[in-house]
Amino acid sequence: MTSTSAVPPIPSITLNNGVRIPQLGFGVWQVPDAEAVPAVRTAIEAGYRSIDTAAIYENEAGTGQAIAESGVARDELFVTTKLWNSGTVDWSGDQGRDRVLRAFDESMAKLGLEQLDLYLIHWPRTMHGPSFLNIWRAFEQLQADGRVRAIGVSNFHVTDLELLLKETSVVPALNQVELHPYFPQAELRAFHAEHGIATEAWSPLGQGGDLLAEPALLKIAEKHGRSAAQVVLRWHLQSGVIAIPKSVTPARIRENLDVTGFELDAEDLAAIATVDTGKRIGPDPAGFDWN
């Protein structure tokens, strides 16, 4: 059952450099470029103000087109994209820095934007080891030049973050990772909180399927007159996590946004904790090499 009441405003989180990001955004992973146009347009019309894409998604152009056609002022939207740090490229030294800057320019041209709100390193691993240190220094340059409002990472473990904090000068604003009730990432979230790094969840609904059919979640959903997906997204918000659910179905896009008109109580939260399996759906970044 989906609530039909008006959707209240989505809360936002202040990043460690003072930039604010909506706590609920719209993701476009695995959405073809042509389909991204109507999907992002629908999301913006529904009330989403944060849009998350990436170079490797190959839909930055469609996403940018939808943003341009939305009629919403640029300063009301928060746009994120990610650098694809392929293992087939050596990112070290000046050559690596220049590659980062070129990749950024290419993404901005496709998006049709002058300034980006958030730029992320997509994965910590490449064939050339933890070269994200050199990539990060180029990110620092982009932020210092005012081309990006905030910089962050994606899929970083605690050990990756510790190295980054030790060797560079700008603390990541955010780490985007797999996170959902099956895999709540308590240890990583605690490290983030200690160091002022926001936590953002990709696949916040566990890619649907089994998670949204969990009896514990369905019971909570019935109790509140909501869907299981709305319960999970509400859990993210109450956990202080930023979530970026994805859908190309207009009704589902609107439903996923309508998660601020109810509150999960202690009993609900305890029940959600029981579905924790400690297992990922996606790959473990510690040993995964995107090429």
# chains A, B, ... in the order shown; residues from 1 in each chain; ligands from 1

call {"tool": "residues_around", "arguments": {"residues": "A:Leu161", "least_positions_apart": "6", "cutoff": "10 Å", "atoms": "only C-alpha atoms", "output": "PyMOL selection string"}}
result
chain A and resi 124+153+167+171-172+175+188+191-192+195+197

call {"tool": "write_last_selection", "arguments": {"atoms": "all heavy atoms", "output": "short mmCIF file (atom, residue, chain, number, x, y, z; two decimals), in the first residue's frame"}}
result
data_model
loop_
_atom_site.label_atom_id
_atom_site.label_comp_id
_atom_site.auth_asym_id
_atom_site.auth_seq_id
_atom_site.Cartn_x
_atom_site.Cartn_y
_atom_site.Cartn_z
N PRO A 124 38.19 2.06 -5.57
CA PRO A 124 39.55 2.28 -5.06
C PRO A 124 40.63 1.50 -5.79
O PRO A 124 41.78 1.90 -5.79
CB PRO A 124 39.45 1.82 -3.60
CG PRO A 124 38.36 0.80 -3.61
CD PRO A 124 37.37 1.27 -4.63
N VAL A 153 34.39 9.75 -2.49
CA VAL A 153 34.82 8.45 -3.00
C VAL A 153 33.63 7.50 -3.01
O VAL A 153 32.57 7.79 -2.47
CB VAL A 153 35.97 7.87 -2.15
CG1 VAL A 153 37.21 8.75 -2.25
CG2 VAL A 153 35.55 7.70 -0.69
N GLU A 167 47.63 10.50 3.69
CA GLU A 167 48.51 10.98 2.63
C GLU A 167 48.03 12.23 1.90
O GLU A 167 48.77 12.79 1.10
CB GLU A 167 48.72 9.86 1.61
CG GLU A 167 49.36 8.60 2.17
CD GLU A 167 50.80 8.82 2.60
OE1 GLU A 167 51.44 9.78 2.11
OE2 GLU A 167 51.30 8.03 3.45
N VAL A 171 39.65 15.78 3.45
CA VAL A 171 38.86 14.62 3.88
C VAL A 171 37.69 14.44 2.91
O VAL A 171 36.99 15.41 2.60
CB VAL A 171 38.32 14.82 5.31
CG1 VAL A 171 37.43 13.65 5.73
CG2 VAL A 171 39.48 14.99 6.29
N PRO A 172 37.46 13.24 2.41
CA PRO A 172 36.32 13.04 1.51
C PRO A 172 35.02 13.51 2.16
O PRO A 172 34.79 13.26 3.34
CB PRO A 172 36.30 11.52 1.28
CG PRO A 172 37.69 11.07 1.58
CD PRO A 172 38.21 11.98 2.64
N ASN A 175 31.31 8.90 1.17
CA ASN A 175 31.70 7.60 0.62
C ASN A 175 30.40 6.88 0.22
O ASN A 175 29.55 6.62 1.07
CB ASN A 175 32.47 6.77 1.65
CG ASN A 175 33.04 5.47 1.08
OD1 ASN A 175 33.12 5.28 -0.14
ND2 ASN A 175 33.46 4.57 1.97
N LEU A 188 31.89 0.47 8.98
CA LEU A 188 32.27 1.54 8.06
C LEU A 188 31.55 2.83 8.41
O LEU A 188 32.14 3.91 8.39
CB LEU A 188 31.96 1.12 6.63
CG LEU A 188 32.32 2.12 5.53
CD1 LEU A 188 33.83 2.37 5.51
CD2 LEU A 188 31.85 1.61 4.16
N PHE A 191 33.21 4.55 11.28
CA PHE A 191 34.44 5.23 10.86
C PHE A 191 34.08 6.54 10.17
O PHE A 191 34.71 7.58 10.42
CB PHE A 191 35.24 4.33 9.91
CG PHE A 191 36.56 4.92 9.49
CD1 PHE A 191 37.71 4.69 10.23
CD2 PHE A 191 36.66 5.72 8.35
CE1 PHE A 191 38.93 5.25 9.86
CE2 PHE A 191 37.86 6.27 7.97
CZ PHE A 191 39.01 6.04 8.73
N HIS A 192 33.10 6.52 9.30
CA HIS A 192 32.65 7.75 8.63
C HIS A 192 32.26 8.80 9.66
O HIS A 192 32.67 9.98 9.56
CB HIS A 192 31.43 7.46 7.75
CG HIS A 192 31.73 6.66 6.53
ND1 HIS A 192 30.75 6.10 5.74
CD2 HIS A 192 32.91 6.33 5.93
CE1 HIS A 192 31.30 5.47 4.73
NE2 HIS A 192 32.61 5.59 4.82
N HIS A 195 35.11 10.53 11.38
CA HIS A 195 35.96 11.40 10.56
C HIS A 195 35.17 12.42 9.73
O HIS A 195 35.74 13.10 8.87
CB HIS A 195 36.83 10.55 9.65
CG HIS A 195 37.82 9.71 10.39
ND1 HIS A 195 39.03 10.19 10.84
CD2 HIS A 195 37.76 8.41 10.81
CE1 HIS A 195 39.68 9.24 11.48
NE2 HIS A 195 38.94 8.15 11.49
N ILE A 197 32.75 11.99 7.50
CA ILE A 197 32.46 11.56 6.13
C ILE A 197 31.02 11.09 6.05
O ILE A 197 30.60 10.22 6.83
CB ILE A 197 33.41 10.42 5.71
CG1 ILE A 197 34.88 10.86 5.82
CG2 ILE A 197 33.09 9.94 4.29
CD1 ILE A 197 35.88 9.73 5.69
#

call {"tool": "residues_around", "arguments": {"residues": "A:Ala201", "least_positions_apart": "2", "cutoff": "12 Å", "atoms": "only C-alpha atoms", "output": "ChimeraX atom specification"}}
result
/A:23-27,52,154-155,174-181,183-185,188-189,198-199,203-207,232-233,235-237,239-246

call {"tool": "closest_atom_pairs", "arguments": {"of": "stretch 144-223 of chain A", "to": "stretch 77-88 of chain A", "cutoff": "10 Å", "atoms": "only C-alpha atoms", "output": "CSV"}}
result
residue,atom,partner,partner_atom,distance
A:Val148,CA,A:Thr80,CA,9.7
A:Arg149,CA,A:Phe78,CA,9.9
A:Ala150,CA,A:Thr80,CA,9.5
A:Ile151,CA,A:Thr80,CA,9.5
A:Gly152,CA,A:Lys82,CA,9.2
A:Val153,CA,A:Lys82,CA,8.5
A:Ser154,CA,A:Lys82,CA,8.4

call {"tool": "select_by_dssp", "arguments": {"residues": "stretch 16-255 of chain A", "states": "helix (DSSP H, G or I)", "output": "PDB file with C-alpha atoms, in the first residue's frame"}}
result
ATOM      1  CA  ASP A  33      20.982   7.055 -22.068  1.00  0.00           C
ATOM      2  CA  ALA A  34      17.707   7.493 -23.960  1.00  0.00           C
ATOM      3  CA  GLU A  35      15.678   6.163 -21.029  1.00  0.00           C
ATOM      4  CA  ALA A  36      17.525   8.437 -18.616  1.00  0.00           C
ATOM      5  CA  VAL A  37      15.846  11.480 -20.165  1.00  0.00           C
ATOM      6  CA  PRO A  38      12.245  10.592 -19.223  1.00  0.00           C
ATOM      7  CA  ALA A  39      13.304   8.890 -15.979  1.00  0.00           C
ATOM      8  CA  VAL A  40      15.261  11.875 -14.655  1.00  0.00           C
ATOM      9  CA  ARG A  41      12.614  14.279 -15.918  1.00  0.00           C
ATOM     10  CA  THR A  42       9.946  12.323 -14.023  1.00  0.00           C
ATOM     11  CA  ALA A  43      12.109  12.250 -10.904  1.00  0.00           C
ATOM     12  CA  ILE A  44      12.639  16.008 -10.943  1.00  0.00           C
ATOM     13  CA  GLU A  45       8.948  16.618 -11.565  1.00  0.00           C
ATOM     14  CA  ALA A  46       8.147  14.349  -8.602  1.00  0.00           C
ATOM     15  CA  ALA A  55      30.865   8.116 -16.535  1.00  0.00           C
ATOM     16  CA  ILE A  56      30.666   4.322 -16.820  1.00  0.00           C
ATOM     17  CA  TYR A  57      26.841   4.404 -16.827  1.00  0.00           C
ATOM     18  CA  GLU A  60      25.461  11.488 -18.496  1.00  0.00           C
ATOM     19  CA  ALA A  61      24.170  13.082 -21.724  1.00  0.00           C
ATOM     20  CA  GLY A  62      20.601  11.901 -21.151  1.00  0.00           C
ATOM     21  CA  THR A  63      20.784  12.936 -17.521  1.00  0.00           C
ATOM     22  CA  GLY A  64      22.070  16.380 -18.509  1.00  0.00           C
ATOM     23  CA  GLN A  65      19.346  16.769 -21.116  1.00  0.00           C
ATOM     24  CA  ALA A  66      16.658  16.018 -18.543  1.00  0.00           C
ATOM     25  CA  ILE A  67      18.193  18.515 -16.117  1.00  0.00           C
ATOM     26  CA  ALA A  68      18.296  21.201 -18.813  1.00  0.00           C
ATOM     27  CA  GLU A  69      14.697  20.542 -19.808  1.00  0.00           C
ATOM     28  CA  ARG A  74      20.457  24.899 -11.403  1.00  0.00           C
ATOM     29  CA  ASP A  75      21.144  25.940  -7.812  1.00  0.00           C
ATOM     30  CA  GLU A  76      18.157  23.880  -6.654  1.00  0.00           C
ATOM     31  CA  GLY A  93      52.192  11.286 -11.932  1.00  0.00           C
ATOM     32  CA  ASP A  94      51.320  14.305 -14.032  1.00  0.00           C
ATOM     33  CA  GLN A  95      49.936  12.119 -16.805  1.00  0.00           C
ATOM     34  CA  GLY A  96      47.422  10.600 -14.405  1.00  0.00           C
ATOM     35  CA  ARG A  97      46.395  14.025 -13.125  1.00  0.00           C
ATOM     36  CA  ASP A  98      45.831  15.235 -16.673  1.00  0.00           C
ATOM     37  CA  ARG A  99      43.707  12.162 -17.404  1.00  0.00           C
ATOM     38  CA  VAL A 100      41.506  12.985 -14.416  1.00  0.00           C
ATOM     39  CA  LEU A 101      41.037  16.556 -15.589  1.00  0.00           C
ATOM     40  CA  ARG A 102      40.194  15.414 -19.137  1.00  0.00           C
ATOM     41  CA  ALA A 103      37.724  12.838 -17.835  1.00  0.00           C
ATOM     42  CA  PHE A 104      36.082  15.523 -15.729  1.00  0.00           C
ATOM     43  CA  ASP A 105      35.795  17.839 -18.731  1.00  0.00           C
ATOM     44  CA  GLU A 106      34.212  15.042 -20.766  1.00  0.00           C
ATOM     45  CA  SER A 107      31.634  14.355 -18.078  1.00  0.00           C
ATOM     46  CA  MET A 108      30.818  18.037 -17.719  1.00  0.00           C
ATOM     47  CA  ALA A 109      30.385  18.413 -21.484  1.00  0.00           C
ATOM     48  CA  LYS A 110      27.944  15.495 -21.549  1.00  0.00           C
ATOM     49  CA  LEU A 111      26.057  16.829 -18.538  1.00  0.00           C
ATOM     50  CA  PHE A 132      43.600   6.788  -6.007  1.00  0.00           C
ATOM     51  CA  LEU A 133      46.041   8.962  -4.061  1.00  0.00           C
ATOM     52  CA  ASN A 134      47.166  10.687  -7.243  1.00  0.00           C
ATOM     53  CA  ILE A 135      43.590  10.798  -8.542  1.00  0.00           C
ATOM     54  CA  TRP A 136      42.504  12.410  -5.281  1.00  0.00           C
ATOM     55  CA  ARG A 137      45.092  15.163  -5.609  1.00  0.00           C
ATOM     56  CA  ALA A 138      43.586  16.037  -8.999  1.00  0.00           C
ATOM     57  CA  PHE A 139      40.172  16.063  -7.322  1.00  0.00           C
ATOM     58  CA  GLU A 140      41.549  18.496  -4.755  1.00  0.00           C
ATOM     59  CA  GLN A 141      42.640  20.741  -7.611  1.00  0.00           C
ATOM     60  CA  LEU A 142      39.166  20.637  -9.173  1.00  0.00           C
ATOM     61  CA  GLN A 143      37.618  21.640  -5.869  1.00  0.00           C
ATOM     62  CA  ALA A 144      40.174  24.400  -5.250  1.00  0.00           C
ATOM     63  CA  VAL A 158      38.239   1.669   6.072  1.00  0.00           C
ATOM     64  CA  THR A 159      41.832   0.826   5.069  1.00  0.00           C
ATOM     65  CA  ASP A 160      41.463   2.825   1.840  1.00  0.00           C
ATOM     66  CA  LEU A 161      40.070   5.791   3.751  1.00  0.00           C
ATOM     67  CA  GLU A 162      42.842   5.601   6.346  1.00  0.00           C
ATOM     68  CA  LEU A 163      45.465   5.799   3.600  1.00  0.00           C
ATOM     69  CA  LEU A 164      43.682   8.708   1.950  1.00  0.00           C
ATOM     70  CA  LEU A 165      43.415  10.609   5.260  1.00  0.00           C
ATOM     71  CA  LYS A 166      47.085   9.978   6.014  1.00  0.00           C
ATOM     72  CA  GLU A 167      48.509  10.976   2.634  1.00  0.00           C
ATOM     73  CA  ALA A 186      27.966  -0.656  10.834  1.00  0.00           C
ATOM     74  CA  GLU A 187      31.774  -0.606  11.150  1.00  0.00           C
ATOM     75  CA  LEU A 188      32.271   1.540   8.064  1.00  0.00           C
ATOM     76  CA  ARG A 189      29.507   3.940   9.084  1.00  0.00           C
ATOM     77  CA  ALA A 190      31.126   4.333  12.514  1.00  0.00           C
ATOM     78  CA  PHE A 191      34.440   5.231  10.857  1.00  0.00           C
ATOM     79  CA  HIS A 192      32.649   7.751   8.635  1.00  0.00           C
ATOM     80  CA  ALA A 193      30.986   9.351  11.652  1.00  0.00           C
ATOM     81  CA  GLU A 194      34.311   9.595  13.488  1.00  0.00           C
ATOM     82  CA  HIS A 195      35.957  11.400  10.562  1.00  0.00           C
ATOM     83  CA  LEU A 211      14.849  -8.022   0.598  1.00  0.00           C
ATOM     84  CA  LEU A 212      11.490  -6.463  -0.203  1.00  0.00           C
ATOM     85  CA  ALA A 213       9.796  -9.830   0.338  1.00  0.00           C
ATOM     86  CA  PRO A 215       8.312 -11.016   6.261  1.00  0.00           C
ATOM     87  CA  ALA A 216       9.708  -8.621   8.884  1.00  0.00           C
ATOM     88  CA  LEU A 217       9.652  -5.736   6.396  1.00  0.00           C
ATOM     89  CA  LEU A 218       6.231  -6.643   5.042  1.00  0.00           C
ATOM     90  CA  LYS A 219       4.830  -6.653   8.592  1.00  0.00           C
ATOM     91  CA  ILE A 220       6.240  -3.173   9.248  1.00  0.00           C
ATOM     92  CA  ALA A 221       4.924  -1.979   5.882  1.00  0.00           C
ATOM     93  CA  GLU A 222       1.422  -3.199   6.742  1.00  0.00           C
ATOM     94  CA  LYS A 223       1.622  -1.541  10.147  1.00  0.00           C
ATOM     95  CA  HIS A 224       2.361   1.865   8.600  1.00  0.00           C
ATOM     96  CA  ALA A 228       8.371  -2.496   1.919  1.00  0.00           C
ATOM     97  CA  ALA A 229      10.514  -0.213  -0.262  1.00  0.00           C
ATOM     98  CA  GLN A 230       9.252   2.842   1.602  1.00  0.00           C
ATOM     99  CA  VAL A 231      10.053   1.176   4.921  1.00  0.00           C
ATOM    100  CA  VAL A 232      13.626   0.456   3.801  1.00  0.00           C
ATOM    101  CA  LEU A 233      14.158   3.985   2.520  1.00  0.00           C
ATOM    102  CA  ARG A 234      12.726   5.383   5.761  1.00  0.00           C
ATOM    103  CA  TRP A 235      15.241   3.173   7.622  1.00  0.00           C
ATOM    104  CA  HIS A 236      18.054   4.784   5.626  1.00  0.00           C
ATOM    105  CA  LEU A 237      16.862   8.290   6.468  1.00  0.00           C
ATOM    106  CA  GLN A 238      16.522   7.533  10.186  1.00  0.00           C
ATOM    107  CA  PRO A 250       6.955   6.698 -12.779  1.00  0.00           C
ATOM    108  CA  ALA A 251       4.737   5.320  -9.998  1.00  0.00           C
ATOM    109  CA  ARG A 252       7.729   3.702  -8.284  1.00  0.00           C
ATOM    110  CA  ILE A 253       9.814   6.856  -8.690  1.00  0.00           C
ATOM    111  CA  ARG A 254       7.133   8.840  -6.865  1.00  0.00           C
ATOM    112  CA  GLU A 255       6.575   6.154  -4.232  1.00  0.00           C
TER     113      GLU A 255
END

call {"tool": "closest_residue", "arguments": {"among": "A:Asn59, A:Asp265, A:Trp202, A:Tyr182", "to": "A:Arg280", "atoms": "only C-alpha atoms"}}
result
A:Tyr182

call {"tool": "closest_residue", "arguments": {"among": "A:Leu15, A:Thr260, A:Ser227, A:Ile10", "to": "A:Glu200", "atoms": "only C-alpha atoms"}}
result
A:Leu15

call {"tool": "closest_residue", "arguments": {"among": "A:Asp90, A:Ser50, A:Gly208, A:Leu257", "to": "A:Pro9", "atoms": "only C-alpha atoms"}}
result
A:Leu257

call {"tool": "atom_distance", "arguments": {"atom1": "atom CA of A:Lys279", "atom2": "atom CA of A:Asp210"}}
result
12.9 Å

call {"tool": "residues_around", "arguments": {"residues": "A:Val19", "least_positions_apart": "2", "cutoff": "10 Å", "atoms": "only C-alpha atoms", "output": "list of chain:residue names"}}
result
A:Ser12, A:Ile13, A:Thr14, A:Leu15, A:Asn16, A:Asn17, A:Ile21, A:Asp117, A:Leu118, A:Arg149, A:Ala150, A:Ala173

call {"tool": "write_last_selection", "arguments": {"atoms": "all heavy atoms", "output": "CSV table (one decimal), in the first residue's frame"}}
result
chain,number,residue,atom,x,y,z
A,12,SER,N,17.9,17.2,4.3
A,12,SER,CA,19.3,17.3,3.7
A,12,SER,C,20.3,17.1,4.8
A,12,SER,O,20.0,17.2,6.0
A,12,SER,CB,19.5,18.6,3.0
A,12,SER,OG,19.4,19.7,3.9
A,13,ILE,N,21.5,16.8,4.4
A,13,ILE,CA,22.7,16.6,5.2
A,13,ILE,C,23.7,17.6,4.9
A,13,ILE,O,24.0,17.8,3.7
A,13,ILE,CB,23.2,15.1,5.1
A,13,ILE,CG1,22.2,14.2,5.9
A,13,ILE,CG2,24.6,15.0,5.7
A,13,ILE,CD1,22.6,12.7,5.8
A,14,THR,N,24.4,18.1,5.9
A,14,THR,CA,25.5,19.0,5.6
A,14,THR,C,26.8,18.3,5.6
A,14,THR,O,27.2,17.6,6.5
A,14,THR,CB,25.6,20.1,6.7
A,14,THR,OG1,24.3,20.9,6.7
A,14,THR,CG2,26.7,21.1,6.4
A,15,LEU,N,27.5,18.4,4.4
A,15,LEU,CA,28.8,17.7,4.3
A,15,LEU,C,29.9,18.4,5.1
A,15,LEU,O,29.6,19.5,5.6
A,15,LEU,CB,29.1,17.6,2.8
A,15,LEU,CG,28.1,16.9,1.9
A,15,LEU,CD1,28.5,16.9,0.4
A,15,LEU,CD2,27.9,15.4,2.4
A,16,ASN,N,31.0,17.8,5.2
A,16,ASN,CA,32.1,18.4,6.0
A,16,ASN,C,32.7,19.7,5.5
A,16,ASN,O,33.4,20.3,6.3
A,16,ASN,CB,33.2,17.3,6.2
A,16,ASN,CG,33.8,16.8,4.9
A,16,ASN,OD1,33.8,17.5,3.9
A,16,ASN,ND2,34.5,15.7,5.0
A,17,ASN,N,32.3,20.1,4.3
A,17,ASN,CA,32.8,21.4,3.9
A,17,ASN,C,31.6,22.4,3.8
A,17,ASN,O,31.8,23.5,3.2
A,17,ASN,CB,33.4,21.3,2.5
A,17,ASN,CG,32.5,20.9,1.4
A,17,ASN,OD1,31.3,20.4,1.7
A,17,ASN,ND2,32.9,21.1,0.2
A,21,ILE,N,23.4,18.3,0.9
A,21,ILE,CA,23.0,17.4,-0.1
A,21,ILE,C,21.6,16.8,0.4
A,21,ILE,O,21.5,16.4,1.6
A,21,ILE,CB,24.0,16.3,-0.3
A,21,ILE,CG1,23.6,15.2,-1.3
A,21,ILE,CG2,24.4,15.6,1.0
A,21,ILE,CD1,24.6,14.2,-1.6
A,117,ASP,N,28.3,19.4,-8.4
A,117,ASP,CA,28.1,19.4,-7.0
A,117,ASP,C,29.0,18.4,-6.3
A,117,ASP,O,29.5,18.7,-5.2
A,117,ASP,CB,26.6,19.2,-6.7
A,117,ASP,CG,25.7,20.3,-7.2
A,117,ASP,OD1,25.8,21.5,-6.7
A,117,ASP,OD2,25.0,20.0,-8.2
A,118,LEU,N,29.1,17.2,-6.8
A,118,LEU,CA,29.9,16.2,-6.1
A,118,LEU,C,30.6,15.3,-7.2
A,118,LEU,O,29.9,14.8,-8.1
A,118,LEU,CB,29.0,15.4,-5.2
A,118,LEU,CG,29.6,14.2,-4.5
A,118,LEU,CD1,30.7,14.7,-3.5
A,118,LEU,CD2,28.5,13.4,-3.7
A,149,ARG,N,31.9,21.4,-6.1
A,149,ARG,CA,31.6,21.9,-4.8
A,149,ARG,C,32.1,21.0,-3.7
A,149,ARG,O,32.4,21.4,-2.6
A,149,ARG,CB,30.1,22.2,-4.7
A,149,ARG,CG,29.6,23.2,-5.7
A,149,ARG,CD,28.1,23.3,-5.6
A,149,ARG,NE,27.7,23.9,-4.3
A,149,ARG,CZ,26.6,23.5,-3.6
A,149,ARG,NH1,25.8,22.5,-4.1
A,149,ARG,NH2,26.3,24.0,-2.5
A,150,ALA,N,32.1,19.7,-4.0
A,150,ALA,CA,32.5,18.7,-3.0
A,150,ALA,C,33.1,17.5,-3.7
A,150,ALA,O,32.7,17.2,-4.8
A,150,ALA,CB,31.3,18.3,-2.1
A,173,ALA,N,34.2,14.2,1.4
A,173,ALA,CA,32.9,14.6,1.9
A,173,ALA,C,32.0,13.4,2.1
A,173,ALA,O,31.1,13.5,3.0
A,173,ALA,CB,32.3,15.6,0.9

call {"tool": "atom_distance", "arguments": {"atom1": "atom CA of A:Ser169", "atom2": "atom CA of A:Asp145"}}
result
15.4 Å

call {"tool": "select_by_dssp", "arguments": {"residues": "stretch 141-281 of chain A", "states": "strand (DSSP E)", "output": "ChimeraX atom specification"}}
result
/A:148-154,174-178,198-202,242-243

call {"tool": "atom_distance", "arguments": {"atom1": "atom CA of A:Asp276", "atom2": "atom CA of A:Leu264"}}
result
17.1 Å

call {"tool": "closest_residue", "arguments": {"among": "A:Pro32, A:Pro22, A:Gly196, A:Gly282", "to": "A:Arg49", "atoms": "only C-alpha atoms"}}
result
A:Pro22
